[in-house]
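S.K.: Have a look at this one before I ask anything.
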Amino acid sequence: MTADLNLHVDLPGYEVRDNCLVVGGRSLLSIADEAGGRPFYAYDRQLIDARIRELREAVPESIDIHYAVKANPMPELVGFVAERVAGLDVASGRELEIALAGGADPAEISFAGPGKSDDELAMSCDAGITINAESANELARIDRIGTEKGIRPNVAIRVNPDFALKASGMKMSGGPQQFGIDAEVVPSVIAEQNWERLNFRGFHIFCGSQNLRSEAICEAQSNAVALAIELSKSAPRRPEFVNIGGGFGIPYFPGDQRLDLSPIAHNLRVLTDTVSDELEGSKLVLELGRFIVGEAGIYVCHVVDKKVSRGTVFVVCDGGLHHHLAASGNFGQILRKNYPVLIGNRVSAEDPVTVTVVGPLCTPLDLLADRMPMADPQIGDLVVVFQSGAYGYSASPIGFLSHPSPAELFV
Ligand SMILES: *Cc1c(COP(=O)(O)O)cnc(C)c1O
């Protein structure tokens, strides 16, 4: 039975027992005990599993779903997800180690991102994963490193398309970008390579992140497929795959509408037919991070102090911006809005109060909730920030002010 948390955001179903939040079937108080008194992140494996099943049911069977590890690289979580998706996308040497240790098949791991070091390229060659090349120089370095090792590296071409994913939280394509090779020069860059030494596997066309508009996602995916078909004419051989990115968003703020998967699923079915006609033998790949894990995580810290300043009630916690930059509004938001926040050990109250929840840092940016109604917080209470499973721990300046780092629990 799920509870209405009264947060005006469409969260996945959470249970409440004795007015205490239940996560992964366990009372929040018991999880907090396990974290040993530190602030912590908790990731609910059941919610991740349910999300992947939902995706798998919606998306045509012939399309592979990959997990973008940078959304949440916690090793235990990555291992769990790796068993349930077709492949992993990594963005650093360390993420590659985590992906391999998590049991992912190297043939289904790809490595994207600008500025890969020689060491990272060498690791990738040794592991036999696919390197998504971001520039002509990078291709030359991959070729040199492969030749030195006597290995024929697997490469895909990351393309910077001439279109963007409209209405995205973060645009990563169209116009000048540090990502990928501009679509119009891809044919000449391909023509300059020695494909005896490099094994061409496909194209990677990623356009942006955190999108809640299914029409915009459909449009970008259709454009990506059309571009891949066009570019394939100059490819050394038929691409084995076309990675058309993801960008699927999750609701964070009041008024955010949950992404409707059905129009996307329909469009993908049309695109699968197009691909089988035009690029027979190629498979389409979706790569998703936030959508898979974002809603499955919470961040929790303790109330340490409470004070009133000129009429505003400040609730001061032992965690904040240094643990969860995104919830403080400083990770790509233009207008700061509150993430869904409540007191986890007293979920509902007869008479909520309006408070401002801050962290322990010496900066006014350290804000977890700005004038939000909740059960009157008491010292020792657990402040819970929902929608924290992606771009939380690893996307935060943990070292700032040298406070202890939060625990991470996979429940
Ligand atoms: C960040 C990133 C992703 C994941 O984006 P989400 O919005 O978390 O789904 C996928 N692919 C690439 C290349 C990325 O850089």
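Ligands are numbered from 1 in the order shown, residues from 1 within each chain, and chains are lettered A, B, ... in the order they appear in the structure tokens.
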Counting only C-alpha atoms and all ligand atoms, what are the residues, protein, DNA or RNA alike, that approach ligand 1 to within 10 Å? I want them as a VMD selection string.
M.R.: chain A and resid 66 to 72 88 to 91 110 to 114 132 158 168 to 170 172 179 to 180 204 to 211 243 to 250 286 to 294 390 to 391
S.K.: Those selected residues, please, written with N, CA and C atoms and delivered as a short mmCIF file (atom, residue, chain, number, x, y, z; two decimals), in the first residue's frame.
M.R.:
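The resulting file, part-v3.cif, is reproduced below:
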data_model
loop_
_atom_site.label_atom_id
_atom_site.label_comp_id
_atom_site.auth_asym_id
_atom_site.auth_seq_id
_atom_site.Cartn_x
_atom_site.Cartn_y
_atom_site.Cartn_z
N HIS A 66 20.86 0.38 -22.52
CA HIS A 66 22.12 0.48 -21.79
C HIS A 66 21.94 1.41 -20.59
N TYR A 67 22.76 1.17 -19.58
CA TYR A 67 22.78 2.04 -18.40
C TYR A 67 24.01 2.94 -18.46
N ALA A 68 23.79 4.25 -18.30
CA ALA A 68 24.90 5.22 -18.27
C ALA A 68 25.40 5.32 -16.83
N VAL A 69 26.57 4.73 -16.59
CA VAL A 69 27.08 4.55 -15.23
C VAL A 69 27.27 5.87 -14.49
N LYS A 70 27.55 6.95 -15.21
CA LYS A 70 27.83 8.19 -14.49
C LYS A 70 26.64 8.71 -13.69
N ALA A 71 25.42 8.25 -14.02
CA ALA A 71 24.26 8.68 -13.23
C ALA A 71 24.39 8.21 -11.79
N ASN A 72 24.91 7.00 -11.61
CA ASN A 72 25.17 6.49 -10.25
C ASN A 72 26.15 5.32 -10.35
N LEU A 88 26.50 -1.39 -20.70
CA LEU A 88 26.79 -0.23 -19.86
C LEU A 88 27.58 0.80 -20.66
N ASP A 89 27.31 2.06 -20.39
CA ASP A 89 28.09 3.14 -20.97
C ASP A 89 28.87 3.82 -19.86
N VAL A 90 30.18 3.94 -20.07
CA VAL A 90 31.04 4.53 -19.04
C VAL A 90 31.64 5.82 -19.57
N ALA A 91 32.16 6.62 -18.65
CA ALA A 91 32.70 7.92 -19.04
C ALA A 91 34.06 8.20 -18.43
N SER A 110 30.47 0.58 -23.69
CA SER A 110 31.04 1.63 -24.52
C SER A 110 31.52 2.76 -23.62
N PHE A 111 32.51 3.49 -24.12
CA PHE A 111 33.19 4.53 -23.34
C PHE A 111 33.09 5.82 -24.14
N ALA A 112 32.30 6.77 -23.63
CA ALA A 112 32.14 8.07 -24.29
C ALA A 112 32.68 9.16 -23.39
N GLY A 113 32.97 10.28 -23.96
CA GLY A 113 33.39 11.44 -23.17
C GLY A 113 34.63 12.07 -23.74
N PRO A 114 34.68 13.41 -23.71
CA PRO A 114 35.84 14.10 -24.25
C PRO A 114 37.06 13.92 -23.35
N ASN A 132 33.81 5.26 -27.93
CA ASN A 132 33.06 6.22 -28.75
C ASN A 132 33.97 7.42 -28.98
N ARG A 158 31.22 9.08 -32.24
CA ARG A 158 30.23 9.93 -31.57
C ARG A 158 30.01 11.15 -32.46
N SER A 168 15.28 20.34 -23.16
CA SER A 168 16.06 19.48 -22.28
C SER A 168 16.59 20.26 -21.10
N GLY A 169 16.75 19.56 -19.97
CA GLY A 169 17.42 20.16 -18.81
C GLY A 169 18.85 20.53 -19.17
N MET A 170 19.47 19.71 -20.03
CA MET A 170 20.84 19.97 -20.46
C MET A 170 20.96 19.62 -21.93
N MET A 172 23.09 18.84 -25.19
CA MET A 172 24.45 18.36 -25.43
C MET A 172 24.70 18.11 -26.90
N PHE A 179 31.44 17.70 -27.42
CA PHE A 179 31.10 16.29 -27.56
C PHE A 179 30.98 15.90 -29.03
N GLY A 180 31.65 14.83 -29.39
CA GLY A 180 31.44 14.24 -30.70
C GLY A 180 32.08 15.00 -31.85
N HIS A 204 27.14 6.91 -32.40
CA HIS A 204 26.60 7.30 -31.11
C HIS A 204 26.11 8.74 -31.23
N ILE A 205 24.83 8.92 -31.02
CA ILE A 205 24.25 10.25 -31.21
C ILE A 205 23.43 10.59 -29.96
N PHE A 206 24.04 11.31 -29.05
CA PHE A 206 23.39 11.62 -27.76
C PHE A 206 23.10 13.11 -27.71
N CYS A 207 21.87 13.46 -27.39
CA CYS A 207 21.45 14.85 -27.56
C CYS A 207 21.18 15.63 -26.29
N GLY A 208 20.95 14.98 -25.18
CA GLY A 208 20.63 15.79 -24.00
C GLY A 208 20.02 14.97 -22.90
N SER A 209 19.73 15.63 -21.81
CA SER A 209 19.36 14.96 -20.57
C SER A 209 18.10 15.59 -19.98
N GLN A 210 17.45 14.84 -19.06
CA GLN A 210 16.32 15.34 -18.27
C GLN A 210 15.25 16.00 -19.14
N ASN A 211 14.62 15.19 -19.97
CA ASN A 211 13.54 15.70 -20.80
C ASN A 211 12.23 15.02 -20.41
N ASN A 243 23.54 4.03 -31.50
CA ASN A 243 23.14 4.43 -30.15
C ASN A 243 22.47 5.80 -30.25
N ILE A 244 21.15 5.83 -30.00
CA ILE A 244 20.40 7.07 -30.20
C ILE A 244 20.18 7.84 -28.89
N GLY A 245 21.00 7.54 -27.88
CA GLY A 245 20.95 8.32 -26.65
C GLY A 245 19.74 8.01 -25.81
N GLY A 246 19.35 8.98 -24.99
CA GLY A 246 18.22 8.76 -24.10
C GLY A 246 17.57 10.09 -23.79
N GLY A 247 17.94 10.63 -22.66
CA GLY A 247 17.40 11.94 -22.27
C GLY A 247 16.11 11.86 -21.49
N PHE A 248 15.64 10.62 -21.22
CA PHE A 248 14.36 10.46 -20.49
C PHE A 248 14.48 11.11 -19.11
N GLY A 249 13.55 12.00 -18.79
CA GLY A 249 13.60 12.72 -17.53
C GLY A 249 12.71 12.12 -16.46
N ILE A 250 12.84 12.62 -15.25
CA ILE A 250 11.97 12.22 -14.13
C ILE A 250 11.40 13.50 -13.50
N LEU A 286 19.44 2.37 -26.70
CA LEU A 286 19.08 3.53 -25.89
C LEU A 286 20.00 3.55 -24.68
N GLU A 287 20.50 4.72 -24.30
CA GLU A 287 21.31 4.75 -23.08
C GLU A 287 20.69 5.71 -22.10
N LEU A 288 20.38 5.17 -20.93
CA LEU A 288 19.66 5.92 -19.93
C LEU A 288 20.35 5.83 -18.58
N GLY A 289 20.42 6.93 -17.89
CA GLY A 289 20.98 6.94 -16.55
C GLY A 289 19.91 7.31 -15.53
N ARG A 290 19.61 8.59 -15.54
CA ARG A 290 18.67 9.15 -14.57
C ARG A 290 17.34 8.40 -14.51
N PHE A 291 16.82 8.04 -15.69
CA PHE A 291 15.49 7.43 -15.72
C PHE A 291 15.49 6.07 -15.00
N ILE A 292 16.62 5.39 -15.05
CA ILE A 292 16.70 4.06 -14.44
C ILE A 292 16.87 4.13 -12.92
N VAL A 293 17.69 5.07 -12.46
CA VAL A 293 18.03 5.06 -11.02
C VAL A 293 17.58 6.28 -10.24
N GLY A 294 17.21 7.36 -10.94
CA GLY A 294 16.97 8.63 -10.24
C GLY A 294 15.90 8.57 -9.18
N ALA A 390 20.16 9.66 -8.89
CA ALA A 390 21.06 9.96 -10.01
C ALA A 390 21.70 11.32 -9.79
N TYR A 391 22.98 11.43 -10.15
CA TYR A 391 23.69 12.71 -10.04
C TYR A 391 23.60 13.26 -8.61
#
S.K.: Report as a list in words: the residues of segment 142-245 of chain A with a DSSP assignment of strand (DSSP E or B), based on the backbone of this structure.
M.R.: Asn154, Val155, Ala156, Ile157, Arg158, Val159, Asn160, Met170, Lys171, Ile181, Asp182, Asn199, Phe200, Arg201, Gly202, Phe203, His204, Gly208, Ser209, Asn211, Phe241, Val242 and Asn243 of chain A
S.K.: Can you write out the residues you just picked, keeping C-alpha atoms, as an mmCIF file, in the first residue's frame?
M.R.:
data_model
loop_
_atom_site.group_PDB
_atom_site.id
_atom_site.type_symbol
_atom_site.label_atom_id
_atom_site.label_comp_id
_atom_site.auth_asym_id
_atom_site.auth_seq_id
_atom_site.Cartn_x
_atom_site.Cartn_y
_atom_site.Cartn_z
ATOM 1 C CA ASN A 154 36.583 -1.296 -31.387
ATOM 2 C CA VAL A 155 35.402 2.203 -32.163
ATOM 3 C CA ALA A 156 32.127 3.976 -32.701
ATOM 4 C CA ILE A 157 31.895 7.510 -33.967
ATOM 5 C CA ARG A 158 30.234 9.933 -31.572
ATOM 6 C CA VAL A 159 28.407 12.432 -33.730
ATOM 7 C CA ASN A 160 27.535 15.998 -32.799
ATOM 8 C CA MET A 170 20.840 19.968 -20.460
ATOM 9 C CA LYS A 171 21.472 20.314 -24.188
ATOM 10 C CA ILE A 181 32.484 14.976 -34.261
ATOM 11 C CA ASP A 182 30.326 17.482 -36.136
ATOM 12 C CA ASN A 199 37.148 -1.948 -36.056
ATOM 13 C CA PHE A 200 34.158 0.261 -36.882
ATOM 14 C CA ARG A 201 31.132 -0.708 -34.782
ATOM 15 C CA GLY A 202 28.608 2.077 -35.096
ATOM 16 C CA PHE A 203 27.410 5.574 -34.361
ATOM 17 C CA HIS A 204 26.604 7.300 -31.106
ATOM 18 C CA GLY A 208 20.634 15.791 -24.001
ATOM 19 C CA SER A 209 19.357 14.963 -20.575
ATOM 20 C CA ASN A 211 13.541 15.701 -20.799
ATOM 21 C CA PHE A 241 24.590 -0.483 -33.743
ATOM 22 C CA VAL A 242 23.248 3.020 -33.652
ATOM 23 C CA ASN A 243 23.140 4.434 -30.146
#
S.K.: Tell me, in Å to one decimal, how far atom CA of Ala369 of chain A is from atom CA of Asn338 of chain A.
M.R.: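 For atom CA of Ala369 of chain A relative to atom CA of Asn338 of chain A, the distance reads 5.4 Å.
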S.K.: So, counting only C-alpha atoms, which residue among A:Ser214, A:Ser234, A:Ser30, A:Thr147 is closest to Arg197 of chain A?
M.R.: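 Counting only C-alpha atoms, the residue closest to Arg197 of chain A is A:Thr147.
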S.K.: Counting only C-alpha atoms, which residue out of A:Leu382, A:Val189, A:Leu198, A:Val347 sits closest to Arg144 of chain A?
M.R.: A:Leu198
S.K.: When you look at Asp351 of chain A with a cut-off of 10 Å (counting only C-alpha atoms), what residues show up, excluding the ones that are within fewer than 5 positions of it in the same chain? I need them as a list in words.
M.R.: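 Once the adjacent positions are removed, what remains is Pro373, Met374, Ala375 and Asp376 of chain A.
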S.K.: May I have the selected residues written with N, CA, C and O atoms, as an mmCIF file, in the first residue's frame?
M.R.:
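Writing done, so here's again-v1.cif:
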data_model
loop_
_atom_site.group_PDB
_atom_site.id
_atom_site.type_symbol
_atom_site.label_atom_id
_atom_site.label_comp_id
_atom_site.auth_asym_id
_atom_site.auth_seq_id
_atom_site.Cartn_x
_atom_site.Cartn_y
_atom_site.Cartn_z
ATOM 1 N N PRO A 373 6.607 23.545 3.567
ATOM 2 C CA PRO A 373 5.832 23.032 4.701
ATOM 3 C C PRO A 373 6.205 21.585 5.009
ATOM 4 O O PRO A 373 6.386 20.791 4.085
ATOM 5 N N MET A 374 6.348 21.268 6.294
ATOM 6 C CA MET A 374 6.613 19.877 6.704
ATOM 7 C C MET A 374 6.308 19.738 8.189
ATOM 8 O O MET A 374 6.034 20.734 8.865
ATOM 9 N N ALA A 375 6.343 18.493 8.685
ATOM 10 C CA ALA A 375 6.148 18.269 10.121
ATOM 11 C C ALA A 375 7.230 19.063 10.855
ATOM 12 O O ALA A 375 8.386 19.065 10.441
ATOM 13 N N ASP A 376 6.848 19.725 11.924
ATOM 14 C CA ASP A 376 7.768 20.599 12.657
ATOM 15 C C ASP A 376 9.072 19.850 12.999
ATOM 16 O O ASP A 376 9.076 18.941 13.822
#
S.K.: Which residues are close to Val313 of chain A, i.e. within 6 Å by only C-alpha atoms, leaving aside same-chain residues fewer than 2 positions away? Reply as a list of chain:residue names.
M.R.: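 Selected residues are A:Lys307, A:Val308, A:Val355.
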S.K.: Skipping near chain neighbours, those fewer than 5 positions away, what residues fall within 10 Å of segment 397-400 of chain A using only C-alpha atoms, listed as an MDAnalysis selection string?
M.R.: chainID A and resid 320:325 361 405:406
S.K.: Would you write out those residues with C-alpha atoms, as a PDB file, in the first residue's frame?
M.R.:
ATOM      1  CA  GLY A 320      23.681  19.604   2.407  1.00  0.00           C
ATOM      2  CA  LEU A 321      25.206  20.933  -0.799  1.00  0.00           C
ATOM      3  CA  HIS A 322      28.527  19.093  -0.331  1.00  0.00           C
ATOM      4  CA  HIS A 323      26.652  15.771  -0.374  1.00  0.00           C
ATOM      5  CA  HIS A 324      23.895  16.673  -2.797  1.00  0.00           C
ATOM      6  CA  LEU A 325      24.735  19.541  -5.090  1.00  0.00           C
ATOM      7  CA  LEU A 361      28.456  24.894   4.981  1.00  0.00           C
ATOM      8  CA  SER A 405      31.232  11.876   3.362  1.00  0.00           C
ATOM      9  CA  PRO A 406      27.759  10.315   3.346  1.00  0.00           C
TER      10      PRO A 406
END
S.K.: Between atom CA of Asp18 of chain A and atom CA of Phe410 of chain A, what is the spacing in Å?
M.R.: 22.9 Å
S.K.: Report as an MDAnalysis selection string all protein, DNA and RNA residues lying within 9 Å of Pro340 of chain A, evaluated on only C-alpha atoms, omitting residues in the same chain fewer than 4 positions from it.
M.R.: chainID A and resid 7:9 11 252:254 369 384:387
S.K.: I need the residues in segment 96-288 of chain A that are helix (DSSP H, G or I) according to DSSP; give them as a ChimeraX atom specification.
M.R.: /A:96-101,106-108,118-127,136-149,183-192,214-232,261-278
S.K.: Can you tell me how far atom CA of Pro12 of chain A sits from atom CA of Val358 of chain A, in Å to one decimal?
M.R.: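 Here the two named atoms are 25.4 Å from each other.
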S.K.: Name the residues in contact with segment 37-45 of chain A at a cut-off of 8 Å, using only C-alpha atoms, excluding same-chain residues fewer than 5 positions from it; report them as a VMD selection string.
M.R.: chain A and resid 23 to 24 32 77 80 296 to 302 318 to 319 388 to 389 393 404 to 411
S.K.: Filtering to C-alpha atoms, could you give me those residues as an mmCIF file, in the first residue's frame?
M.R.:
data_model
loop_
_atom_site.group_PDB
_atom_site.id
_atom_site.type_symbol
_atom_site.label_atom_id
_atom_site.label_comp_id
_atom_site.auth_asym_id
_atom_site.auth_seq_id
_atom_site.Cartn_x
_atom_site.Cartn_y
_atom_site.Cartn_z
ATOM 1 C CA VAL A 23 12.394 2.191 1.851
ATOM 2 C CA GLY A 24 13.055 -1.178 0.243
ATOM 3 C CA ALA A 32 19.688 5.247 9.444
ATOM 4 C CA LEU A 77 24.151 -0.829 -7.820
ATOM 5 C CA PHE A 80 22.636 -5.115 -9.999
ATOM 6 C CA ALA A 296 15.062 4.884 -6.639
ATOM 7 C CA GLY A 297 17.319 6.928 -4.369
ATOM 8 C CA ILE A 298 16.852 9.151 -1.338
ATOM 9 C CA TYR A 299 19.337 11.316 0.501
ATOM 10 C CA VAL A 300 18.970 11.567 4.256
ATOM 11 C CA CYS A 301 20.616 13.814 6.846
ATOM 12 C CA HIS A 302 19.907 14.766 10.460
ATOM 13 C CA ASP A 318 24.613 17.686 9.084
ATOM 14 C CA GLY A 319 24.347 17.301 5.302
ATOM 15 C CA SER A 388 18.193 11.499 -5.411
ATOM 16 C CA GLY A 389 19.331 8.274 -7.050
ATOM 17 C CA TYR A 393 26.774 11.497 -4.336
ATOM 18 C CA PRO A 404 32.540 13.387 6.580
ATOM 19 C CA SER A 405 31.232 11.876 3.362
ATOM 20 C CA PRO A 406 27.759 10.315 3.346
ATOM 21 C CA ALA A 407 27.252 6.548 3.479
ATOM 22 C CA GLU A 408 25.685 4.766 0.513
ATOM 23 C CA LEU A 409 23.354 1.850 1.132
ATOM 24 C CA PHE A 410 21.823 -0.446 -1.435
ATOM 25 C CA VAL A 411 18.616 -1.699 0.143
#
S.K.: Kindly indicate which residue among A:Ser188, A:Asn137, A:Asn194, A:Thr274 lies nearest to Ala228 of chain A, using only C-alpha atoms for the distances.
M.R.: A:Thr274
